>>> print(open('work.txt').read())   # compact mmCIF, C-alpha atoms and all ligand atoms
# COMPACT_ATOMS: atom_id res chain seq x y z
CA MET A 10 75.60 -196.96 115.66
CA SER A 11 78.81 -197.64 117.53
CA GLY A 12 81.96 -196.10 116.00
CA SER A 13 80.05 -193.73 113.68
CA LEU A 14 81.01 -190.06 113.55
CA LEU A 15 78.73 -187.35 114.93
CA GLU A 16 79.48 -185.10 111.97
CA PRO A 17 81.21 -185.51 108.61
CA ARG A 18 85.00 -185.91 108.82
CA PRO A 19 86.81 -182.72 107.64
CA SER A 20 88.91 -182.93 104.49
CA PHE A 21 92.36 -184.47 104.80
CA SER A 22 94.05 -181.11 104.19
CA ASN A 23 91.96 -179.45 106.93
CA GLN A 24 92.90 -182.21 109.34
CA ILE A 25 96.59 -181.81 108.48
CA ARG A 26 96.29 -178.06 108.99
CA SER A 27 94.69 -178.50 112.46
CA LEU A 28 97.31 -181.05 113.41
CA THR A 29 100.16 -178.79 112.29
CA ILE A 30 98.82 -175.92 114.43
CA LEU A 31 98.47 -178.30 117.39
CA PHE A 32 101.99 -179.68 117.06
CA SER A 33 103.61 -176.30 116.52
CA ASN A 34 101.91 -175.00 119.70
CA CYS A 35 102.94 -178.12 121.63
CA PHE A 36 106.49 -177.66 120.40
CA ARG A 37 106.54 -174.05 121.57
CA ASP A 38 105.10 -175.11 124.96
CA ALA A 39 107.88 -177.66 125.28
CA ARG A 40 110.54 -175.16 124.25
CA ARG A 41 109.42 -172.66 126.90
CA PHE A 42 109.34 -175.41 129.51
CA TRP A 43 112.81 -176.60 128.49
CA ARG A 44 114.32 -173.14 128.61
CA SER A 45 112.74 -172.08 131.91
CA SER A 46 112.55 -175.21 134.03
CA PHE A 47 115.52 -176.98 135.57
CA THR A 48 115.10 -180.07 133.48
CA GLY A 49 118.67 -181.34 133.25
CA TYR A 50 120.40 -178.68 135.32
CA VAL A 51 119.95 -175.57 137.42
CA LYS A 52 120.55 -172.53 135.23
CA SER A 53 118.90 -169.55 136.94
CA ARG A 54 118.29 -167.98 140.32
CA GLU A 55 114.64 -169.05 140.16
CA ASN A 56 115.72 -172.65 139.42
CA LEU A 57 117.89 -172.63 142.53
CA ARG A 58 115.10 -171.04 144.57
CA ALA A 59 112.86 -173.89 143.48
CA ARG A 60 115.37 -176.56 144.47
CA ILE A 61 115.77 -174.89 147.86
CA ALA A 62 111.98 -174.82 148.26
CA ILE A 63 111.71 -178.51 147.39
CA SER A 64 114.47 -179.51 149.84
CA LEU A 65 113.12 -177.49 152.72
CA HIS A 66 109.61 -178.76 152.05
CA PHE A 67 110.96 -182.30 152.22
CA LEU A 68 112.48 -181.61 155.65
CA GLU A 69 109.42 -179.80 157.03
CA TYR A 70 107.13 -182.52 155.75
CA GLY A 71 109.32 -185.30 157.16
CA ASN A 72 109.69 -183.70 160.57
CA ALA A 73 105.95 -183.09 160.81
CA LEU A 74 105.14 -186.80 160.39
CA LYS A 75 103.95 -188.69 163.46
CA ASP A 76 106.72 -191.26 163.40
CA SER A 77 109.53 -189.09 162.11
CA VAL A 78 112.93 -190.44 163.13
CA PRO A 79 116.30 -188.66 163.59
CA GLY A 80 118.35 -188.59 160.43
CA HIS A 81 115.32 -188.47 158.18
CA GLY A 82 116.13 -186.54 155.03
CA MET A 83 119.82 -186.16 155.80
CA ASP A 84 120.78 -186.12 152.09
CA ARG A 85 118.24 -183.40 151.44
CA ALA A 86 119.44 -181.40 154.43
CA MET A 87 123.04 -181.55 153.14
CA MET A 88 121.89 -180.54 149.67
CA LEU A 89 119.92 -177.67 151.15
CA ALA A 90 122.95 -176.48 153.12
CA ARG A 91 125.06 -176.56 149.93
CA ASP A 92 122.39 -174.75 147.92
CA ILE A 93 122.11 -172.03 150.58
CA GLU A 94 125.86 -171.46 150.31
CA ILE A 95 125.73 -171.23 146.51
CA TYR A 96 122.68 -168.98 146.59
CA ILE A 97 124.12 -166.53 149.12
CA GLU A 98 127.44 -166.41 147.29
CA ARG A 99 125.76 -165.62 143.96
CA PHE A 100 122.71 -163.58 144.95
CA GLY A 101 123.03 -162.65 148.64
CA SER A 102 120.63 -163.40 151.48
CA ASP A 103 116.91 -162.95 151.00
CA ALA A 104 113.56 -164.50 151.93
CA THR A 105 114.50 -167.76 150.20
CA THR A 106 117.62 -168.29 152.31
CA GLU A 107 115.98 -166.93 155.46
CA ILE A 108 113.19 -169.54 155.32
CA ALA A 109 115.68 -172.25 154.39
CA LEU A 110 117.97 -171.39 157.31
CA ARG A 111 115.04 -171.43 159.77
CA THR A 112 114.17 -174.88 158.44
CA LEU A 113 117.73 -176.11 158.89
CA GLU A 114 117.72 -174.75 162.47
CA SER A 115 114.53 -176.68 163.11
CA TYR A 116 116.11 -179.77 161.54
CA LEU A 117 119.15 -179.44 163.82
CA ALA A 118 116.91 -179.07 166.88
CA PHE A 119 114.98 -182.18 165.87
CA ASN A 120 118.19 -184.19 165.50
CA GLU A 121 119.90 -182.87 168.61
CA GLY A 122 121.47 -185.62 170.71
CA SER A 123 121.07 -188.18 167.92
CA GLY A 124 124.84 -188.62 167.53
CA LEU A 125 124.61 -187.89 163.79
CA ASP A 126 127.33 -185.84 162.12
CA LEU A 127 125.53 -182.58 161.39
CA SER A 128 128.65 -180.41 161.25
CA VAL A 129 128.21 -179.27 157.62
CA ILE A 130 124.69 -178.06 158.35
CA GLU A 131 125.74 -176.49 161.66
CA GLU A 132 128.50 -174.54 159.92
CA VAL A 133 126.14 -173.13 157.28
CA VAL A 134 123.63 -172.12 159.94
CA ALA A 135 126.37 -170.55 162.07
CA ARG A 136 127.75 -168.63 159.06
CA HIS A 137 124.49 -167.32 157.65
CA GLY A 138 121.80 -167.91 160.27
CA LYS A 139 121.60 -164.30 161.38
CA SER A 140 121.77 -162.70 157.92
CA ALA A 141 118.75 -160.93 156.41
CA PHE A 142 116.61 -161.70 159.45
CA THR A 143 113.09 -160.35 158.89
CA GLY A 144 111.05 -162.77 161.01
CA LEU A 145 110.12 -165.32 158.34
CA LYS A 146 109.73 -168.83 159.69
CA GLY A 147 110.56 -172.40 158.67
CA GLY A 148 110.41 -175.88 160.17
CA VAL A 149 107.42 -177.30 162.01
CA GLU A 150 104.90 -175.88 164.46
CA THR A 151 102.18 -177.41 166.59
CA VAL A 152 98.57 -176.45 166.00
CA THR A 153 95.38 -177.76 167.61
CA ALA A 154 92.20 -179.03 165.99
CA GLU A 155 90.34 -176.35 167.95
CA GLU A 156 92.47 -173.57 166.46
CA ILE A 157 91.94 -174.89 162.94
CA ARG A 158 88.20 -175.31 163.39
CA LYS A 159 87.69 -171.93 165.04
CA LYS A 160 88.65 -170.11 161.88
CA GLY A 161 88.05 -172.81 159.32
CA MET A 162 84.51 -173.89 160.04
CA ILE A 163 82.54 -171.31 158.09
CA ASP A 164 79.51 -172.06 155.93
CA PHE A 165 81.75 -172.58 152.93
CA LEU A 166 79.01 -174.06 150.77
CA ALA A 167 76.91 -170.90 151.23
CA PHE A 168 79.99 -168.77 150.53
CA ALA A 169 80.72 -170.72 147.34
CA GLU A 170 77.08 -170.63 146.24
CA ALA A 171 76.96 -166.86 146.63
CA ARG A 172 79.83 -166.40 144.15
CA HIS A 173 78.83 -165.78 140.57
CA SER A 174 80.78 -164.79 137.53
CA ILE A 175 79.87 -161.12 137.44
CA ARG A 176 79.31 -159.39 134.12
CA THR A 177 77.72 -156.16 135.36
CA TYR A 178 79.85 -153.78 137.41
CA GLU A 179 79.49 -150.48 139.16
CA LYS A 180 82.05 -147.93 137.99
CA GLY A 181 84.57 -147.02 140.68
CA GLU A 182 87.97 -147.68 142.14
CA VAL A 183 88.69 -151.06 143.70
CA PRO A 184 90.55 -150.55 147.01
CA LEU A 185 94.15 -151.70 146.78
CA ALA A 186 93.87 -153.29 150.26
CA SER A 187 91.12 -155.59 148.94
CA ILE A 188 93.28 -156.68 146.01
CA GLU A 189 96.18 -157.31 148.37
CA ASN A 190 94.00 -159.41 150.67
CA ALA A 191 92.75 -161.44 147.72
CA VAL A 192 96.31 -162.10 146.58
CA ARG A 193 97.28 -163.06 150.14
CA ALA A 194 94.41 -165.56 150.09
CA ALA A 195 95.61 -166.86 146.73
CA GLN A 196 99.11 -167.28 148.19
CA GLN A 197 97.60 -169.62 150.78
CA SER A 198 96.61 -172.07 148.03
CA PRO A 199 98.36 -175.42 148.17
CA SER A 200 101.26 -175.63 145.73
CA SER A 201 103.50 -178.46 144.62
CA CYS A 202 106.26 -178.80 147.27
CA ASN A 203 105.21 -175.35 148.47
CA ARG A 204 107.04 -173.88 145.48
CA GLN A 205 104.55 -171.01 145.16
CA THR A 206 105.13 -170.41 141.50
CA CYS A 207 102.13 -168.18 140.88
CA ARG A 208 101.80 -164.46 140.44
CA ALA A 209 99.03 -161.97 139.79
CA TYR A 210 99.92 -159.11 137.47
CA VAL A 211 97.16 -156.69 138.42
CA PHE A 212 96.14 -153.68 136.36
CA THR A 213 93.67 -151.07 137.62
CA ASP A 214 94.60 -148.10 135.43
CA SER A 215 91.66 -148.00 133.03
CA GLU A 216 93.78 -147.51 129.91
CA ALA A 217 96.01 -150.47 130.79
CA VAL A 218 92.98 -152.59 131.73
CA GLN A 219 91.39 -151.95 128.34
CA LYS A 220 94.63 -152.68 126.49
CA VAL A 221 94.94 -156.04 128.25
CA LEU A 222 91.25 -156.84 127.71
CA SER A 223 91.49 -156.02 124.01
CA LEU A 224 93.56 -159.20 123.63
CA GLN A 225 91.03 -161.40 125.44
CA ASN A 226 87.97 -162.77 123.69
CA GLY A 227 85.51 -163.30 126.55
CA ASN A 228 84.79 -159.86 127.98
CA ARG A 229 82.49 -158.46 125.32
CA GLY A 230 79.57 -156.51 126.79
CA PHE A 231 81.14 -155.86 130.21
CA GLY A 232 84.93 -155.40 129.84
CA ASP A 233 84.56 -151.62 129.84
CA GLN A 234 82.90 -151.79 133.29
CA LEU A 235 85.70 -153.75 135.00
CA GLY A 236 87.65 -152.00 137.73
CA GLY A 237 90.70 -154.15 137.12
CA VAL A 238 92.14 -157.21 135.53
CA ALA A 239 94.69 -159.69 136.84
CA ILE A 240 96.91 -161.88 134.68
CA ILE A 241 97.56 -165.07 136.66
CA THR A 242 100.82 -166.80 135.82
CA SER A 243 102.93 -169.71 137.00
CA ASN A 244 106.68 -169.41 136.79
CA LEU A 245 108.02 -172.40 134.86
CA SER A 246 111.48 -171.97 136.39
CA HIS A 247 110.21 -173.84 139.43
CA TRP A 248 109.47 -177.06 137.62
CA GLU A 249 112.06 -179.75 137.45
CA ASN A 250 111.33 -182.56 135.03
CA ALA A 251 109.05 -183.68 132.22
CA HIS A 252 106.63 -185.27 134.67
CA GLU A 253 105.90 -181.78 136.01
CA ARG A 254 105.11 -180.29 132.62
CA TYR A 255 101.46 -179.65 133.47
CA GLN A 256 101.87 -178.78 137.15
CA ALA A 257 101.78 -175.06 136.36
CA TRP A 258 98.19 -175.40 135.20
CA VAL A 259 97.16 -177.18 138.39
CA ASP A 260 98.87 -174.78 140.78
CA GLY A 261 97.86 -171.78 138.67
CA GLY A 262 94.23 -172.87 138.59
CA MET A 263 94.12 -173.20 142.35
CA PHE A 264 95.80 -169.83 142.82
CA ALA A 265 93.28 -168.23 140.47
CA MET A 266 90.35 -169.82 142.30
CA SER A 267 91.58 -168.66 145.70
CA PHE A 268 92.11 -165.18 144.28
CA VAL A 269 88.51 -165.15 143.06
CA TYR A 270 87.28 -166.35 146.47
CA GLY A 271 89.47 -163.72 148.09
CA LEU A 272 87.81 -161.01 146.01
CA HIS A 273 84.43 -162.52 146.87
CA ALA A 274 85.28 -162.32 150.58
CA GLU A 275 86.11 -158.64 150.07
CA GLY A 276 82.61 -158.03 148.67
CA LEU A 277 83.87 -157.56 145.13
CA GLY A 278 82.64 -159.11 141.91
CA SER A 279 84.90 -161.09 139.62
CA VAL A 280 84.96 -163.19 136.50
CA MET A 281 87.53 -165.62 135.19
CA LEU A 282 88.64 -164.62 131.71
CA ASN A 283 90.03 -167.52 129.72
CA TRP A 284 93.48 -167.39 128.22
CA SER A 285 93.01 -170.36 125.90
CA VAL A 286 95.06 -169.01 123.04
CA THR A 287 97.73 -169.97 120.58
CA HIS A 288 101.32 -168.87 121.08
CA ASP A 289 100.94 -166.01 118.61
CA GLN A 290 98.20 -164.42 120.70
CA ASP A 291 100.08 -165.23 123.90
CA GLU A 292 103.11 -163.35 122.56
CA LYS A 293 101.02 -160.19 122.14
CA LEU A 294 100.01 -160.26 125.82
CA ARG A 295 103.55 -161.04 126.94
CA LYS A 296 104.85 -158.03 125.03
CA LEU A 297 102.11 -155.74 126.30
CA ALA A 298 102.43 -156.75 129.94
CA CYS A 299 106.23 -157.19 129.80
CA LEU A 300 106.02 -160.76 131.11
CA PRO A 301 109.20 -162.80 131.41
CA GLU A 302 109.41 -165.86 129.14
CA SER A 303 109.32 -168.16 132.17
CA ASP A 304 105.88 -166.91 133.30
CA LEU A 305 103.18 -169.10 131.80
CA VAL A 306 99.85 -167.30 131.57
CA ILE A 307 97.17 -169.48 133.17
CA THR A 308 94.12 -167.26 133.03
CA MET A 309 92.96 -163.71 133.56
CA VAL A 310 90.53 -162.53 136.22
CA GLY A 311 88.39 -159.44 135.76
CA PHE A 312 87.04 -157.75 138.86
CA GLY A 313 85.23 -154.67 140.09
CA LEU A 314 82.58 -153.18 142.32
CA LEU A 315 79.22 -154.90 142.63
CA PRO A 316 76.14 -152.88 141.67
CA LYS A 317 73.22 -152.88 144.13
CA GLU A 318 71.26 -155.26 141.95
CA LEU A 319 72.22 -157.23 138.86
CA LYS A 320 71.34 -160.24 136.76
CA VAL A 321 73.51 -163.36 136.66
CA PRO A 322 73.08 -166.59 134.71
CA VAL A 323 71.57 -169.39 136.79
CA SER A 324 74.47 -171.62 135.74
CA GLN A 325 72.68 -174.63 137.23
CA ARG A 326 75.08 -177.24 138.56
CA LYS A 327 74.66 -180.85 137.50
CA PRO A 328 73.23 -183.31 140.05
CA LEU A 329 75.77 -184.41 142.67
CA ASP A 330 75.90 -187.95 141.29
CA TYR A 331 77.54 -186.58 138.14
CA ALA A 332 80.54 -185.38 140.16
CA LEU A 333 80.70 -187.67 143.17
CA PHE A 334 81.47 -191.38 143.16
CA VAL A 335 81.83 -192.93 146.60
CA ASN A 336 83.55 -196.28 146.88
CA SER A 337 83.26 -197.03 143.18
CA PRO A 338 84.65 -200.44 142.14
CA VAL A 339 88.37 -201.07 142.62
CA ALA A 340 90.10 -203.53 140.28
CA ALA A 341 91.48 -206.66 141.89
CA SER A 342 95.22 -206.39 142.51
CA GLU A 343 97.37 -208.09 139.86
CA ASN A 344 99.69 -209.97 142.19
C1 LIG A 401 89.19 -170.90 133.14
C2 LIG A 401 87.89 -170.15 132.97
C3 LIG A 401 87.78 -169.22 131.97
C4 LIG A 401 86.62 -168.48 131.83
N1 LIG A 401 86.56 -167.52 130.87
C5 LIG A 401 85.48 -166.70 130.81
C6 LIG A 401 85.47 -165.63 129.87
O1 LIG A 401 86.40 -165.44 129.10
N2 LIG A 401 84.40 -164.82 129.88
C7 LIG A 401 83.35 -164.99 130.75
O2 LIG A 401 82.41 -164.20 130.70
N3 LIG A 401 83.34 -166.01 131.63
C8 LIG A 401 84.37 -166.87 131.69
N4 LIG A 401 84.40 -167.89 132.61
C9 LIG A 401 83.30 -168.02 133.56
C10 LIG A 401 82.40 -169.24 133.29
O3 LIG A 401 81.60 -168.97 132.19
C11 LIG A 401 81.59 -169.48 134.55
O4 LIG A 401 82.46 -169.81 135.62
C12 LIG A 401 80.58 -170.62 134.41
O5 LIG A 401 79.65 -170.31 133.42
C13 LIG A 401 79.85 -170.89 135.73
O6 LIG A 401 79.20 -169.73 136.20
P1 LIG A 401 79.55 -169.06 137.60
O7 LIG A 401 81.00 -168.76 137.64
O8 LIG A 401 78.70 -167.83 137.68
O9 LIG A 401 79.17 -170.03 138.68
C14 LIG A 401 85.53 -168.69 132.71
C15 LIG A 401 85.65 -169.68 133.70
C16 LIG A 401 86.82 -170.39 133.83
C17 LIG A 401 86.94 -171.41 134.93
>>> encode(input="work.txt", output="structure tokens")
Amino acid sequence: MSGSLLEPRPSFSNQIRSLTILFSNCFRDARRFWRSSFTGYVKSRENLRARIAISLHFLEYGNALKDSVPGHGMDRAMMLARDIEIYIERFGSDATTEIALRTLESYLAFNEGSGLDLSVIEEVVARHGKSAFTGLKGGVETVTAEEIRKKGMIDFLAFAEARHSIRTYEKGEVPLASIENAVRAAQQSPSSCNRQTCRAYVFTDSEAVQKVLSLQNGNRGFGDQLGGVAIITSNLSHWENAHERYQAWVDGGMFAMSFVYGLHAEGLGSVMLNWSVTHDQDEKLRKLACLPESDLVITMVGFGLLPKELKVPVSQRKPLDYALFVNSPVAASEN
């Protein structure tokens, strides 16, 4: 019967109670976003870092386009030059300014001989270009299809199919180098304007691991076997406006997935551990792990050594036609 309920409607007071909890959590989400992001104005070092990242991404992206023309992104380039000045004056030179300066150098090279007035940018590069030089790069580079394919064309489907959420582990220490490689892989995930907001707070000390896991509700029966746990976060300071209010979840989810694949490539087992909690529970984890207010917890990932043999759920995937629609109908344009 169309429009009928699948189960009896809860009492009015129960519905009000659920709604109140929902709204109070949404309000607290919004408050954290408001305080941390640069909605309205730049108020922290991380906010400024984010604006620098956005500007330099804009220039790199523009100059990498096939039909890029001189002068493209001039406003952004000027803004970037100004932001570099402010940043260095307030916080000194670091990786943020180093990458930004390399990008401006590349921008100047691209526009050389164009007759444009680039003096403001040239001055900033001349003043700071050599500071804090550690070899980080910025700008554009040329790659070939052959280079990309040589390393990229692996049997990824087989790799993905061999990953399972592991809930039986061998006791033993997880090599730090493997964790580092997995985080490096996670850092290669795409991120909005290359802002790279995500972090992995990794614990391998068994006491700390158990303390963290005691706050999570999905590790019963195997949590005590885990060699480590990572808290994956996205730093809300990098988001600018209301339209980006959910971007942390997208970027954080991709970072977490790449981390899991990174662990998989290291021959380790892993399992995502949900952090679908209310603010009250979230506060407990923040206190325990000393997380800054601006770090939004996306998920946890448990990991450890694989035993020689173990059971995993089949976790059968739905038929492809549930997930894939090729050339499905497109509505006629309105004008
Ligand atoms: C965001 C997220 C949270 C998850 N949380 C848990 C969890 O708390 N405990 C758990 O045992 N598995 C958890 N899982 C794992 C899923 O149960 C698992 O991915 C799914 O059943 C498919 O199985 P597979 O990963 O072995 O392919 C989580 C997965 C995701 C994506």
>>> closest_atom_pairs(input="work.txt", of="chain A", to="ligand LIG 401 (chain A)", cutoff="7 Å", atoms="all atoms listed in the file", output="tab-separated table")
residue	atom	partner	partner_atom	distance
A:Arg172	CA	A:LIG401	O9	6.6
A:His173	CA	A:LIG401	O8	3.5
A:Ser174	CA	A:LIG401	O8	3.7
A:Ile175	CA	A:LIG401	O8	6.8
A:Arg176	CA	A:LIG401	O2	6.7
A:Asn226	CA	A:LIG401	O1	6.2
A:Gly227	CA	A:LIG401	O1	3.4
A:Asn228	CA	A:LIG401	N2	5.3
A:Val280	CA	A:LIG401	N3	5.9
A:Met281	CA	A:LIG401	C14	4.4
A:Leu282	CA	A:LIG401	O1	3.5
A:Asn283	CA	A:LIG401	C3	3.6
A:Thr308	CA	A:LIG401	C1	6.1
A:Val321	CA	A:LIG401	O8	6.9
A:Pro322	CA	A:LIG401	O8	6.5
A:Ser324	CA	A:LIG401	O6	5.1
>>> residues_around(input="work.txt", residues="Asp214 (chain A)", least_positions_apart="5", cutoff="10 Å", atoms="only C-alpha atoms", output="PDB file with C-alpha atoms, in the frame of the given file")
ATOM      1  CA  GLU A 182      87.970-147.680 142.140  1.00  0.00           C
ATOM      2  CA  GLN A 219      91.390-151.950 128.340  1.00  0.00           C
ATOM      3  CA  GLY A 236      87.650-152.000 137.730  1.00  0.00           C
ATOM      4  CA  GLY A 237      90.700-154.150 137.120  1.00  0.00           C
ATOM      5  CA  VAL A 238      92.140-157.210 135.530  1.00  0.00           C
TER       6      VAL A 238
END
>>> closest_residue(input="work.txt", among="A:Lys75, A:Arg37, A:His137, A:Arg85", to="Thr106 (chain A)", atoms="all atoms listed in the file")
A:His137
>>> atom_distance(input="work.txt", atom1="CA of Leu272 (chain A)", atom2="CA of Leu185 (chain A)")
11.3 Å
>>> residues_around(input="work.txt", residues="Glu132 (chain A)", least_positions_apart="4", cutoff="12 Å", atoms="only C-alpha atoms", output="mmCIF file with C-alpha atoms, in the coordinates of the input")
data_model
loop_
_atom_site.group_PDB
_atom_site.id
_atom_site.type_symbol
_atom_site.label_atom_id
_atom_site.label_comp_id
_atom_site.auth_asym_id
_atom_site.auth_seq_id
_atom_site.Cartn_x
_atom_site.Cartn_y
_atom_site.Cartn_z
ATOM 1 C CA MET A 87 123.040 -181.550 153.140
ATOM 2 C CA ALA A 90 122.950 -176.480 153.120
ATOM 3 C CA ARG A 91 125.060 -176.560 149.930
ATOM 4 C CA ILE A 93 122.110 -172.030 150.580
ATOM 5 C CA GLU A 94 125.860 -171.460 150.310
ATOM 6 C CA LEU A 110 117.970 -171.390 157.310
ATOM 7 C CA LEU A 113 117.730 -176.110 158.890
ATOM 8 C CA GLU A 114 117.720 -174.750 162.470
ATOM 9 C CA LEU A 117 119.150 -179.440 163.820
ATOM 10 C CA ASP A 126 127.330 -185.840 162.120
ATOM 11 C CA LEU A 127 125.530 -182.580 161.390
ATOM 12 C CA SER A 128 128.650 -180.410 161.250
ATOM 13 C CA ARG A 136 127.750 -168.630 159.060
ATOM 14 C CA HIS A 137 124.490 -167.320 157.650
ATOM 15 C CA GLY A 138 121.800 -167.910 160.270
#
>>> residues_near_point(input="work.txt", point="(94.1, -173.5, 145.0)", cutoff="12 Å", atoms="only C-alpha atoms", output="PyMOL selection string")
chain A and resi 192+194-201+203+205-207+257-271
>>> atom_distance(input="work.txt", atom1="CA of Val221 (chain A)", atom2="CA of Tyr178 (chain A)")
17.8 Å
>>> axis_aligned_box(input="work.txt", around="region 114-120 of chain A", padding_each_side="6 Å", output="AutoDock Vina command-line options")
--center_x 116.8 --center_y -179.5 --center_z 164.2 --size_x 16.6 --size_y 21.4 --size_z 17.3
>>> residues_around(input="work.txt", residues="Thr112 (chain A)", least_positions_apart="2", cutoff="12 Å", atoms="only C-alpha atoms", output="ChimeraX atom specification")
/A:61-73,85-86,89-90,93,105-110,114-119,130,134,138,145-150
>>> atom_distance(input="work.txt", atom1="CA of Val78 (chain A)", atom2="CA of Thr151 (chain A)")
17.2 Å
>>> closest_residue(input="work.txt", among="A:Glu156, A:Asp84, A:Glu98, A:Asp291", to="Val129 (chain A)", atoms="all atoms listed in the file")
A:Asp84
>>> residues_around(input="work.txt", residues="Lys52 (chain A)", least_positions_apart="5", cutoff="12 Å", atoms="all atoms listed in the file", output="ChimeraX atom specification")
/A:43-47,57-60,246-247,249
>>> write_last_selection(input="work.txt", atoms="C-alpha atoms", output="compact mmCIF listing (two decimals), in the frame of the given file")
# COMPACT_ATOMS: atom_id res chain seq x y z
CA TRP A 43 112.81 -176.60 128.49
CA ARG A 44 114.32 -173.14 128.61
CA SER A 45 112.74 -172.08 131.91
CA SER A 46 112.55 -175.21 134.03
CA PHE A 47 115.52 -176.98 135.57
CA LEU A 57 117.89 -172.63 142.53
CA ARG A 58 115.10 -171.04 144.57
CA ALA A 59 112.86 -173.89 143.48
CA ARG A 60 115.37 -176.56 144.47
CA SER A 246 111.48 -171.97 136.39
CA HIS A 247 110.21 -173.84 139.43
CA GLU A 249 112.06 -179.75 137.45
>>> closest_residue(input="work.txt", among="A:Ala341, A:Leu235, A:Met162, A:Ala104", to="Ala141 (chain A)", atoms="only C-alpha atoms")
A:Ala104
>>> closest_residue(input="work.txt", among="A:Gln325, A:Thr242, A:Gln290, A:Ser187", to="Glu170 (chain A)", atoms="all atoms listed in the file")
A:Gln325
